[in-house]
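Chemist: Just input-v9.txt, nothing more (compact mmCIF, C-alpha atoms and all ligand atoms):
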```txt
# COMPACT_ATOMS: atom_id res chain seq x y z
CA MET A 1138 0.00 0.00 0.00
CA THR A 1139 1.53 3.29 -1.02
CA SER A 1140 0.16 6.85 -0.97
CA LEU A 1141 1.37 10.42 -1.32
CA GLU A 1142 0.25 13.49 0.59
CA LYS A 1143 1.24 16.97 -0.57
CA HIS A 1144 1.81 19.94 1.69
CA LEU A 1145 3.91 21.72 -0.88
CA ASP A 1146 3.06 22.21 -4.52
CA GLU A 1147 4.92 23.89 -7.38
CA ARG A 1148 3.44 27.27 -6.44
CA ASP A 1149 4.63 27.06 -2.82
CA LEU A 1150 8.08 26.01 -3.99
CA ALA A 1151 8.27 28.80 -6.57
CA ARG A 1152 7.21 31.32 -3.95
CA SER A 1153 9.79 30.23 -1.41
CA LEU A 1154 12.57 30.09 -4.02
CA ARG A 1155 11.80 33.66 -5.04
CA ALA A 1156 11.77 34.86 -1.43
CA ASP A 1157 15.01 33.03 -0.59
CA VAL A 1158 16.83 34.35 -3.65
CA ARG A 1159 15.62 37.91 -3.17
CA ASP A 1160 16.49 37.93 0.55
CA GLY A 1161 19.82 36.18 0.09
CA LEU A 1162 21.14 38.15 -2.86
CA THR A 1163 20.22 41.54 -1.42
CA ALA A 1164 21.83 40.72 1.95
CA THR A 1165 25.41 41.52 2.94
CA PRO A 1166 27.22 39.19 2.72
CA LYS A 1167 25.18 37.39 0.05
CA ARG A 1168 23.86 33.90 0.80
CA LEU A 1169 21.62 31.21 -0.66
CA PRO A 1170 20.03 28.34 1.30
CA PRO A 1171 21.34 24.85 0.47
CA LYS A 1172 17.93 23.29 -0.14
CA TRP A 1173 17.91 24.67 -3.70
CA PHE A 1174 20.85 22.49 -4.79
CA TYR A 1175 18.60 19.49 -5.20
CA ASP A 1176 16.87 19.53 -8.56
CA ALA A 1177 17.27 16.31 -10.59
CA ARG A 1178 20.84 17.20 -11.62
CA GLY A 1179 21.80 18.37 -8.13
CA SER A 1180 20.41 15.19 -6.56
CA ARG A 1181 22.46 13.16 -9.04
CA LEU A 1182 25.58 15.16 -8.24
CA PHE A 1183 25.00 14.62 -4.53
CA GLU A 1184 24.74 10.86 -5.15
CA ASP A 1185 28.10 11.12 -6.96
CA ILE A 1186 29.55 12.99 -3.97
CA THR A 1187 28.54 10.17 -1.64
CA ARG A 1188 30.81 7.82 -3.61
CA LEU A 1189 33.89 10.09 -3.66
CA PRO A 1190 36.98 8.89 -1.77
CA GLU A 1191 37.14 12.19 0.17
CA TYR A 1192 33.48 12.19 1.21
CA TYR A 1193 33.50 9.89 4.25
CA PRO A 1194 30.09 10.74 5.90
CA THR A 1195 27.79 8.52 3.81
CA ARG A 1196 29.85 5.35 4.00
CA THR A 1197 30.69 5.93 7.67
CA GLU A 1198 27.05 6.37 8.65
CA ARG A 1199 26.11 3.34 6.56
CA LEU A 1200 28.68 1.28 8.48
CA ILE A 1201 27.27 2.46 11.82
CA LEU A 1202 23.72 1.62 10.75
CA THR A 1203 24.71 -1.75 9.32
CA GLU A 1204 26.27 -2.70 12.63
CA ASN A 1205 23.53 -1.32 14.85
CA ALA A 1206 20.21 -1.48 12.99
CA ALA A 1207 19.14 -4.61 14.86
CA GLU A 1208 19.83 -2.95 18.20
CA ILE A 1209 17.96 0.20 17.12
CA ALA A 1210 14.99 -1.99 16.18
CA ARG A 1211 15.17 -3.84 19.50
CA ILE A 1212 15.39 -0.71 21.63
CA THR A 1213 12.64 1.20 19.86
CA ASP A 1214 10.18 -1.52 18.82
CA ALA A 1215 9.13 0.95 16.12
CA LYS A 1216 5.64 0.65 14.67
CA THR A 1217 6.19 3.55 12.28
CA LEU A 1218 9.44 4.75 10.76
CA VAL A 1219 9.36 8.39 9.63
CA GLU A 1220 12.29 9.56 7.54
CA LEU A 1221 12.97 13.28 7.14
CA GLY A 1222 14.69 14.44 3.97
CA SER A 1223 14.68 10.89 2.76
CA GLY A 1224 15.99 11.55 -0.76
CA SER A 1225 17.14 8.21 -2.08
CA SER A 1226 16.39 5.80 0.73
CA GLU A 1227 19.26 3.37 0.55
CA LYS A 1228 20.19 3.62 4.24
CA THR A 1229 16.52 3.44 5.11
CA ARG A 1230 16.44 -0.15 3.91
CA LEU A 1231 18.86 -1.15 6.65
CA LEU A 1232 16.43 0.20 9.23
CA LEU A 1233 13.34 -1.19 7.50
CA ASP A 1234 14.88 -4.67 7.25
CA ALA A 1235 15.83 -4.67 10.93
CA MET A 1236 12.47 -3.31 12.09
CA LEU A 1237 10.53 -5.73 9.90
CA SER A 1238 12.43 -8.73 11.18
CA ARG A 1239 11.74 -7.53 14.70
CA GLY A 1240 8.08 -7.80 13.69
CA THR A 1241 6.80 -4.49 15.07
CA LEU A 1242 6.89 -2.25 12.01
CA GLY A 1243 3.68 -1.50 10.08
CA SER A 1244 4.33 1.72 8.22
CA PHE A 1245 6.97 3.91 6.69
CA VAL A 1246 6.53 7.66 6.20
CA PRO A 1247 9.21 9.38 4.10
CA LEU A 1248 9.06 13.19 4.01
CA ASP A 1249 10.95 15.18 1.37
CA VAL A 1250 10.68 18.52 -0.44
CA SER A 1251 11.39 16.85 -3.75
CA GLU A 1252 8.24 15.24 -5.10
CA SER A 1253 10.14 13.39 -7.84
CA ALA A 1254 12.67 11.88 -5.41
CA LEU A 1255 9.81 10.91 -3.11
CA VAL A 1256 7.68 9.29 -5.81
CA GLU A 1257 10.68 7.24 -6.90
CA ALA A 1258 11.49 6.14 -3.35
CA VAL A 1259 7.85 5.29 -2.53
CA GLN A 1260 7.52 3.25 -5.72
CA SER A 1261 10.70 1.23 -5.36
CA LEU A 1262 10.16 0.63 -1.63
CA GLY A 1263 6.56 -0.36 -2.36
CA VAL A 1264 7.85 -3.11 -4.62
CA ALA A 1265 10.56 -4.23 -2.18
CA TYR A 1266 8.26 -4.18 0.88
CA PRO A 1267 4.80 -5.19 -0.32
CA GLY A 1268 3.42 -5.75 3.18
CA LEU A 1269 4.40 -2.32 4.48
CA SER A 1270 2.12 0.72 4.40
CA ILE A 1271 4.16 3.53 2.80
CA SER A 1272 2.83 7.10 2.94
CA GLY A 1273 5.06 9.71 1.32
CA VAL A 1274 4.68 13.31 2.49
CA VAL A 1275 5.85 16.12 0.21
CA GLY A 1276 6.86 18.79 2.67
CA ASP A 1277 9.54 21.03 4.13
CA LEU A 1278 11.05 19.63 7.30
CA THR A 1279 11.25 23.07 8.84
CA ARG A 1280 7.54 23.73 8.20
CA HIS A 1281 5.46 20.59 7.89
CA LEU A 1282 6.29 18.46 10.93
CA ARG A 1283 2.78 19.10 12.24
CA HIS A 1284 1.44 17.14 9.27
CA LEU A 1285 3.22 13.91 10.09
CA PRO A 1286 0.62 11.18 10.33
CA ASP A 1287 -0.19 10.36 13.93
CA GLY A 1288 0.81 6.95 15.15
CA ASP A 1289 2.18 5.21 18.14
CA ASN A 1290 5.76 4.40 18.80
CA ARG A 1291 7.12 6.34 15.88
CA VAL A 1292 10.84 6.61 15.16
CA VAL A 1293 11.85 9.72 13.25
CA ALA A 1294 15.11 9.23 11.34
CA PHE A 1295 17.06 12.29 10.24
CA LEU A 1296 20.18 10.86 8.67
CA GLY A 1297 23.19 11.84 6.62
CA GLY A 1298 24.25 14.76 8.78
CA THR A 1299 21.62 16.98 7.19
CA ILE A 1300 20.88 18.47 10.63
CA GLY A 1301 24.19 20.29 10.07
CA ASN A 1302 22.63 22.29 7.24
CA LEU A 1303 20.64 24.15 9.89
CA VAL A 1304 22.36 26.95 11.79
CA PRO A 1305 22.01 26.76 15.61
CA GLU A 1306 18.83 28.87 15.84
CA GLU A 1307 17.21 26.83 13.06
CA ARG A 1308 18.23 23.62 14.80
CA THR A 1309 16.61 24.72 18.04
CA ALA A 1310 13.40 25.64 16.20
CA PHE A 1311 13.43 22.36 14.29
CA LEU A 1312 14.05 20.17 17.35
CA THR A 1313 11.42 22.03 19.36
CA ASP A 1314 8.83 21.60 16.59
CA LEU A 1315 9.70 17.96 16.22
CA HIS A 1316 9.43 17.38 19.95
CA ALA A 1317 5.99 19.02 19.91
CA ALA A 1318 4.90 16.72 17.08
CA LEU A 1319 5.87 13.56 19.00
CA HIS A 1320 4.27 11.76 21.92
CA PRO A 1321 6.37 11.18 25.04
CA GLY A 1322 8.46 8.06 24.55
CA GLU A 1323 8.69 8.31 20.76
CA TRP A 1324 12.12 8.45 19.15
CA LEU A 1325 14.53 10.57 17.13
CA LEU A 1326 17.43 8.87 15.34
CA VAL A 1327 19.82 11.52 14.10
CA GLY A 1328 23.07 11.22 12.17
CA ALA A 1329 25.60 13.94 12.93
CA ASP A 1330 29.01 14.44 11.37
CA GLN A 1331 31.66 14.94 14.03
CA VAL A 1332 34.29 17.67 14.49
CA LYS A 1333 37.63 16.40 13.19
CA ASP A 1334 40.90 17.50 11.62
CA PRO A 1335 40.28 20.20 8.95
CA GLY A 1336 42.70 18.22 6.77
CA THR A 1337 39.99 15.58 6.55
CA LEU A 1338 36.97 17.90 6.60
CA VAL A 1339 37.93 20.36 3.90
CA PRO A 1340 38.72 17.84 1.13
CA ALA A 1341 35.34 16.18 1.81
CA TYR A 1342 33.81 19.46 0.61
CA ASP A 1343 36.45 20.25 -2.02
CA ASP A 1344 37.21 17.01 -3.81
CA ALA A 1345 39.97 16.54 -6.37
CA ALA A 1346 37.55 15.51 -9.14
CA GLY A 1347 35.55 18.73 -8.78
CA VAL A 1348 32.18 17.07 -8.20
CA THR A 1349 31.40 19.20 -5.15
CA ALA A 1350 32.30 22.32 -7.14
CA GLU A 1351 29.74 21.33 -9.79
CA PHE A 1352 27.18 20.55 -7.08
CA ASN A 1353 27.78 23.97 -5.51
CA LYS A 1354 27.42 25.78 -8.83
CA ASN A 1355 24.25 23.83 -9.59
CA VAL A 1356 22.31 26.34 -7.52
CA LEU A 1357 23.20 28.93 -10.18
CA HIS A 1358 21.75 26.69 -12.92
CA VAL A 1359 18.59 26.24 -10.82
CA ILE A 1360 18.15 30.00 -10.42
CA ASN A 1361 18.88 30.61 -14.11
CA ARG A 1362 16.17 28.15 -15.12
CA GLU A 1363 13.53 28.84 -12.48
CA LEU A 1364 13.83 32.63 -12.24
CA ARG A 1365 15.15 33.47 -15.71
CA ALA A 1366 18.52 34.67 -14.44
CA ASP A 1367 21.82 34.94 -16.30
CA PHE A 1368 24.44 33.66 -13.85
CA ASP A 1369 27.58 32.52 -15.68
CA PRO A 1370 28.70 29.49 -13.62
CA LEU A 1371 32.20 29.84 -15.12
CA ALA A 1372 32.48 33.29 -13.51
CA PHE A 1373 32.27 31.75 -10.01
CA GLU A 1374 34.73 29.55 -8.14
CA HIS A 1375 33.90 26.92 -5.56
CA ALA A 1376 35.33 27.35 -2.05
CA ALA A 1377 35.03 25.22 1.10
CA VAL A 1378 36.14 26.88 4.33
CA TRP A 1379 36.36 25.43 7.86
CA ASP A 1380 35.19 27.91 10.53
CA PRO A 1381 36.96 26.76 13.73
CA ASP A 1382 34.85 28.96 16.02
CA ARG A 1383 31.46 27.86 14.80
CA GLU A 1384 32.75 24.41 13.92
CA TRP A 1385 31.14 24.30 10.54
CA ILE A 1386 32.13 24.01 6.89
CA GLU A 1387 30.94 26.82 4.68
CA MET A 1388 30.59 26.32 0.98
CA ARG A 1389 30.89 29.52 -0.96
CA LEU A 1390 30.85 30.73 -4.54
CA ARG A 1391 33.46 33.39 -5.27
CA SER A 1392 32.98 35.85 -8.10
CA VAL A 1393 36.09 35.76 -10.31
CA ARG A 1394 35.50 39.31 -11.59
CA ASP A 1395 33.33 42.38 -11.20
CA GLN A 1396 30.00 41.46 -12.77
CA THR A 1397 26.27 42.04 -12.59
CA VAL A 1398 23.63 39.33 -12.76
CA GLN A 1399 20.06 39.91 -13.94
CA ILE A 1400 17.25 37.97 -12.35
CA LYS A 1401 14.34 38.67 -14.66
CA ASP A 1402 11.54 37.11 -12.64
CA LEU A 1403 12.53 39.16 -9.59
CA ASN A 1404 13.23 42.33 -11.53
CA LEU A 1405 16.54 42.34 -9.76
CA THR A 1406 20.08 43.30 -10.78
CA VAL A 1407 22.76 41.91 -8.48
CA PRO A 1408 26.29 43.32 -8.50
CA PHE A 1409 29.25 41.12 -7.56
CA ALA A 1410 32.72 42.51 -6.89
CA ALA A 1411 35.80 40.56 -7.97
CA GLY A 1412 36.62 38.14 -5.13
CA GLU A 1413 33.25 38.58 -3.42
CA GLU A 1414 32.03 35.41 -1.74
CA MET A 1415 28.46 34.23 -1.37
CA ARG A 1416 27.62 31.54 1.20
CA THR A 1417 25.69 28.61 -0.27
CA GLU A 1418 25.81 26.06 2.55
CA VAL A 1419 26.65 25.59 6.19
CA SER A 1420 27.50 22.02 7.17
CA ALA A 1421 27.91 22.04 10.93
CA LYS A 1422 29.99 19.39 12.68
CA PHE A 1423 29.11 18.16 16.15
CA ARG A 1424 30.55 16.88 19.40
CA ARG A 1425 28.64 14.32 21.38
CA ASP A 1426 28.25 16.59 24.42
CA GLY A 1427 27.09 19.58 22.40
CA LEU A 1428 24.52 17.55 20.52
CA THR A 1429 23.27 15.96 23.73
CA ALA A 1430 22.78 19.42 25.23
CA GLU A 1431 20.95 20.68 22.15
CA LEU A 1432 18.66 17.68 22.20
CA ALA A 1433 18.01 18.11 25.92
CA ALA A 1434 17.19 21.80 25.47
CA SER A 1435 14.37 20.72 23.13
CA GLY A 1436 13.09 17.99 25.44
CA PHE A 1437 14.88 14.96 23.96
CA ALA A 1438 16.84 12.61 26.22
CA LEU A 1439 19.83 10.90 24.61
CA ARG A 1440 19.47 7.15 25.11
CA HIS A 1441 22.17 5.72 22.85
CA TRP A 1442 25.13 6.89 20.87
CA TRP A 1443 26.97 4.97 18.19
CA THR A 1444 30.07 5.93 16.30
CA ASP A 1445 32.69 4.42 13.98
CA PRO A 1446 36.12 3.38 15.29
CA GLN A 1447 37.65 6.74 14.24
CA GLY A 1448 34.82 8.75 15.81
CA TRP A 1449 34.17 10.53 12.53
CA PHE A 1450 30.39 10.25 12.48
CA GLY A 1451 27.83 9.81 15.24
CA VAL A 1452 24.34 8.37 15.33
CA ALA A 1453 22.25 9.43 18.31
CA LEU A 1454 19.04 7.83 19.49
CA ALA A 1455 17.01 10.20 21.64
CA GLN A 1456 13.59 9.90 23.24
CA ALA A 1457 10.86 12.52 23.41
C1 LIG B 1501 23.39 16.14 2.47
C2 LIG B 1501 23.56 18.03 3.85
C3 LIG B 1501 24.50 15.97 4.56
O1 LIG B 1501 26.40 18.71 4.35
O2 LIG B 1501 27.63 16.99 3.92
C4 LIG B 1501 27.76 17.39 0.47
C5 LIG B 1501 25.50 18.06 1.57
N1 LIG B 1501 27.33 19.48 0.61
N2 LIG B 1501 28.79 18.07 -0.05
C6 LIG B 1501 26.62 17.66 3.75
C7 LIG B 1501 26.83 18.29 0.90
C8 LIG B 1501 28.52 19.32 0.03
C9 LIG B 1501 25.59 17.14 2.74
N3 LIG B 1501 24.27 16.84 3.40
```
Take the structure I supplied and represent it as structure tokens, if you would.

Modeler:
Amino acid sequence: MTSLEKHLDERDLARSLRADVRDGLTATPKRLPPKWFYDARGSRLFEDITRLPEYYPTRTERLILTENAAEIARITDAKTLVELGSGSSEKTRLLLDAMLSRGTLGSFVPLDVSESALVEAVQSLGVAYPGLSISGVVGDLTRHLRHLPDGDNRVVAFLGGTIGNLVPEERTAFLTDLHAALHPGEWLLVGADQVKDPGTLVPAYDDAAGVTAEFNKNVLHVINRELRADFDPLAFEHAAVWDPDREWIEMRLRSVRDQTVQIKDLNLTVPFAAGEEMRTEVSAKFRRDGLTAELAASGFALRHWWTDPQGWFGVALAQA
């Protein structure tokens, strides 16, 4: 049984893209939110990133989940698995398999902003898990948590380190909203990339093959297409910078020359100075204690913590 519920349609998406681009490109310094990377091409480029030698998070988290999915299933006895920002749901299968063999699981609820990614995931999972009720929700994880289907003993999985795309204030708002959407005793399973040597972190966001650079510039292609803009992607350079105070990676696009960009649908002309940098993504890195405190501040109690032998990536299981 599969179904799809929409809390976001093309008009909502178009409206929020316009607002984000107008706000971000008229701010100082300029910025764009990372969620606009992921059109079909951007999602493909991200999949390529996950297979790069420098990009350790995906394979490290997969290792942690492979080793501990059975324990996660045993501890939670999940009846419903909710996955936020599910994208392609390869790691989800590890959890679904473990929860199904435990015998408690009845439904899976993936939530994603991308309707196409969601439809694909719901269809292929529907074939692989014919007995499972799968209800996709097209929505924005910072806005539509209230619309999660009610259930009992739900486990909400937020994997991949995507929580790091939220800045601290956004994380607090997100965790507080999520806590309000859950019943006491329900679960949050969150994957968080850990603080480590910048010599490891920076190449993960600035790979030798240039895939991350293409991914970063993809936001310019998206804006060109969706808002009739004339960004020249060749006139911007990719940069990945470790901020040791805030403990996050920033991806930026640096203008290689003085230039102006027209964004027709916004009636906006945007000047860039040579060397000017625009922030396109924050990818925060965590420490166990800091994450535990953030979870606690939103009402979640950390129950379990798993990591890889090098301590590069952490998976936290917390209870509402
Ligand atoms: C999908 C948000 C987890 O921050 O590591 C990969 C996105 N950006 N390379 C991350 C990303 C550049 C990724 N997340």

Chemist: Find the residues near Arg1365 of chain A: any atom within 9 Å, counting only C-alpha atoms, skip ones fewer than 4 places away on the same chain, and give them as a list in words.

Modeler: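 Within the cut-off, the hits are Ile1360, Asn1361, Gln1399, Ile1400, Lys1401, Asp1402 and Leu1403 of chain A.
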
Chemist: Quick one: of A:Phe1295, A:Phe1437, A:Phe1245, A:Phe1368, who's nearest to ligand LIG 1501 (chain B), counting all atoms listed in the file?

Modeler: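 With all atoms listed in the file as the atom set, the closest residue is A:Phe1295.
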
Chemist: Given all atoms listed in the file as the basis, pick out the residue of A:Glu1198, A:Asp1157, A:Asp1289, A:Asp1395 nearest to ligand LIG 1501 (chain B).

Modeler: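 The closest residue to ligand LIG 1501 (chain B) is A:Glu1198.
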
Chemist: Could you tell me how far atom CA of Pro1194 of chain A lies from atom CA of Glu1257 of chain A, in Å and to one decimal?

Modeler: 23.5 Å

Chemist: Atom CA of Met1388 of chain A to atom CA of Ser1420 of chain A: how many Å, to one decimal?

Modeler: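 According to the coordinates, atom CA of Met1388 of chain A and atom CA of Ser1420 of chain A are separated by 8.1 Å.
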
Chemist: Show which residues sit within 12 Å of segment 1337-1345 of chain A, as a VMD selection string. Count only C-alpha atoms, and ignore same-chain residues fewer than 3 positions away.

Modeler: chain A and resid 1183 1185 to 1195 1330 to 1334 1348 to 1353 1374 to 1381 1384 to 1389 1418 to 1422 1447 1449 to 1450

Chemist: Go ahead and dump the residues you just picked, C-alpha atoms, as a compact mmCIF listing (two decimals), in the frame of the given file.

Modeler:
```
# COMPACT_ATOMS: atom_id res chain seq x y z
CA PHE A 1183 25.00 14.62 -4.53
CA ASP A 1185 28.10 11.12 -6.96
CA ILE A 1186 29.55 12.99 -3.97
CA THR A 1187 28.54 10.17 -1.64
CA ARG A 1188 30.81 7.82 -3.61
CA LEU A 1189 33.89 10.09 -3.66
CA PRO A 1190 36.98 8.89 -1.77
CA GLU A 1191 37.14 12.19 0.17
CA TYR A 1192 33.48 12.19 1.21
CA TYR A 1193 33.50 9.89 4.25
CA PRO A 1194 30.09 10.74 5.90
CA THR A 1195 27.79 8.52 3.81
CA ASP A 1330 29.01 14.44 11.37
CA GLN A 1331 31.66 14.94 14.03
CA VAL A 1332 34.29 17.67 14.49
CA LYS A 1333 37.63 16.40 13.19
CA ASP A 1334 40.90 17.50 11.62
CA VAL A 1348 32.18 17.07 -8.20
CA THR A 1349 31.40 19.20 -5.15
CA ALA A 1350 32.30 22.32 -7.14
CA GLU A 1351 29.74 21.33 -9.79
CA PHE A 1352 27.18 20.55 -7.08
CA ASN A 1353 27.78 23.97 -5.51
CA GLU A 1374 34.73 29.55 -8.14
CA HIS A 1375 33.90 26.92 -5.56
CA ALA A 1376 35.33 27.35 -2.05
CA ALA A 1377 35.03 25.22 1.10
CA VAL A 1378 36.14 26.88 4.33
CA TRP A 1379 36.36 25.43 7.86
CA ASP A 1380 35.19 27.91 10.53
CA PRO A 1381 36.96 26.76 13.73
CA GLU A 1384 32.75 24.41 13.92
CA TRP A 1385 31.14 24.30 10.54
CA ILE A 1386 32.13 24.01 6.89
CA GLU A 1387 30.94 26.82 4.68
CA MET A 1388 30.59 26.32 0.98
CA ARG A 1389 30.89 29.52 -0.96
CA GLU A 1418 25.81 26.06 2.55
CA VAL A 1419 26.65 25.59 6.19
CA SER A 1420 27.50 22.02 7.17
CA ALA A 1421 27.91 22.04 10.93
CA LYS A 1422 29.99 19.39 12.68
CA GLN A 1447 37.65 6.74 14.24
CA TRP A 1449 34.17 10.53 12.53
CA PHE A 1450 30.39 10.25 12.48
```

Chemist: Give me, please, the distance in Å between atom CA of Leu1218 of chain A and atom CA of Pro1171 of chain A, quoted to one decimal.

Modeler: 25.5 Å

Chemist: Nearest to Leu1325 of chain A among A:Arg1440, A:Arg1280, A:Lys1228, A:Arg1383, with distances taken over all atoms listed in the file: which residue is it?

Modeler: A:Arg1440

Chemist: Might you pull out every residue within 9 Å of Leu1248 of chain A, with all atoms listed in the file counted and same-chain residues fewer than 2 positions away left off, and present them as a PyMOL selection string?

Modeler: chain A and resi 1219-1224+1246+1250-1251+1255+1272-1278+1285

Chemist: With 5 Å added on each side, what axis-aligned box encloses every listed atom of ligand LIG 1501 (chain B)? Give the centre and edge lengths in Å to one decimal, as AutoDock Vina command-line options.

Modeler:
```
--center_x 26.1 --center_y 17.7 --center_z 2.3 --size_x 15.4 --size_y 13.5 --size_z 14.6
```

Chemist: Just checking: using only C-alpha atoms, which residue out of A:Leu1326, A:Leu1262, A:Val1407, A:Leu1371 ends up closest to Ile1212 of chain A?

Modeler: A:Leu1326

Chemist: Give me the residues near Gly1412 of chain A as a tab-separated table (two decimals) with C-alpha atoms, in the frame of the given file, where near means some atom within 8 Å (using only C-alpha atoms) and where sequence neighbours in that chain fewer than 5 positions away do not count.

Modeler:
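Saved file part-v2.tsv follows:
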```
chain	number	residue	atom	x	y	z
A	1391	ARG	CA	33.46	33.39	-5.27
A	1392	SER	CA	32.98	35.85	-8.10
A	1393	VAL	CA	36.09	35.76	-10.31
A	1394	ARG	CA	35.50	39.31	-11.59
```

Chemist: Looking at A:Ser1435, A:Thr1309, A:Thr1406, A:Ser1180, which one is nearest to ligand LIG 1501 (chain B), with distances taken over only C-alpha atoms and all ligand atoms?

Modeler: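 Ranked by minimum distance to ligand LIG 1501 (chain B), first place goes to A:Ser1180.
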
Chemist: Which residues come within 12 Å of Ser1153 of chain A, counting all atoms listed in the file, excluding same-chain residues fewer than 3 positions away, as a VMD selection string?

Modeler: chain A and resid 1145 to 1150 1156 to 1161 1169 to 1170 1172 to 1173 1250 1277 1280 1363 to 1364

Chemist: Could you write segment 1337-1351 of chain A as a JSON list (two decimals), in the frame of the given file, with N, CA and C atoms rebuilt where they are missing?

Modeler:
```
[["chain", "number", "residue", "atom", "x", "y", "z"],
["A", 1337, "THR", "N", 40.94, 16.60, 7.01],
["A", 1337, "THR", "CA", 39.99, 15.58, 6.55],
["A", 1337, "THR", "C", 38.69, 16.25, 6.11],
["A", 1338, "LEU", "N", 38.26, 17.25, 6.87],
["A", 1338, "LEU", "CA", 36.97, 17.90, 6.60],
["A", 1338, "LEU", "C", 36.96, 18.65, 5.28],
["A", 1339, "VAL", "N", 37.98, 19.47, 5.06],
["A", 1339, "VAL", "CA", 37.93, 20.36, 3.90],
["A", 1339, "VAL", "C", 37.92, 19.59, 2.58],
["A", 1340, "PRO", "N", 38.79, 18.59, 2.40],
["A", 1340, "PRO", "CA", 38.72, 17.84, 1.13],
["A", 1340, "PRO", "C", 37.37, 17.14, 0.90],
["A", 1341, "ALA", "N", 36.66, 16.80, 1.99],
["A", 1341, "ALA", "CA", 35.34, 16.18, 1.81],
["A", 1341, "ALA", "C", 34.37, 17.14, 1.12],
["A", 1342, "TYR", "N", 34.66, 18.44, 1.23],
["A", 1342, "TYR", "CA", 33.81, 19.46, 0.61],
["A", 1342, "TYR", "C", 34.52, 20.17, -0.54],
["A", 1343, "ASP", "N", 35.70, 19.66, -0.90],
["A", 1343, "ASP", "CA", 36.45, 20.25, -2.02],
["A", 1343, "ASP", "C", 37.27, 19.13, -2.65],
["A", 1344, "ASP", "N", 36.58, 18.22, -3.32],
["A", 1344, "ASP", "CA", 37.21, 17.01, -3.81],
["A", 1344, "ASP", "C", 38.05, 17.28, -5.05],
["A", 1345, "ALA", "N", 39.02, 16.39, -5.26],
["A", 1345, "ALA", "CA", 39.97, 16.54, -6.37],
["A", 1345, "ALA", "C", 39.27, 16.48, -7.73],
["A", 1346, "ALA", "N", 38.22, 15.66, -7.83],
["A", 1346, "ALA", "CA", 37.55, 15.51, -9.14],
["A", 1346, "ALA", "C", 36.63, 16.69, -9.47],
["A", 1347, "GLY", "N", 36.37, 17.55, -8.50],
["A", 1347, "GLY", "CA", 35.55, 18.73, -8.78],
["A", 1347, "GLY", "C", 34.05, 18.48, -8.77],
["A", 1348, "VAL", "N", 33.62, 17.37, -8.22],
["A", 1348, "VAL", "CA", 32.18, 17.07, -8.20],
["A", 1348, "VAL", "C", 31.45, 18.03, -7.26],
["A", 1349, "THR", "N", 32.04, 18.28, -6.10],
["A", 1349, "THR", "CA", 31.40, 19.20, -5.15],
["A", 1349, "THR", "C", 31.32, 20.62, -5.72],
["A", 1350, "ALA", "N", 32.34, 21.00, -6.49],
["A", 1350, "ALA", "CA", 32.30, 22.32, -7.14],
["A", 1350, "ALA", "C", 31.11, 22.40, -8.10],
["A", 1351, "GLU", "N", 30.88, 21.36, -8.86],
["A", 1351, "GLU", "CA", 29.74, 21.33, -9.79],
["A", 1351, "GLU", "C", 28.41, 21.36, -9.03]]
```
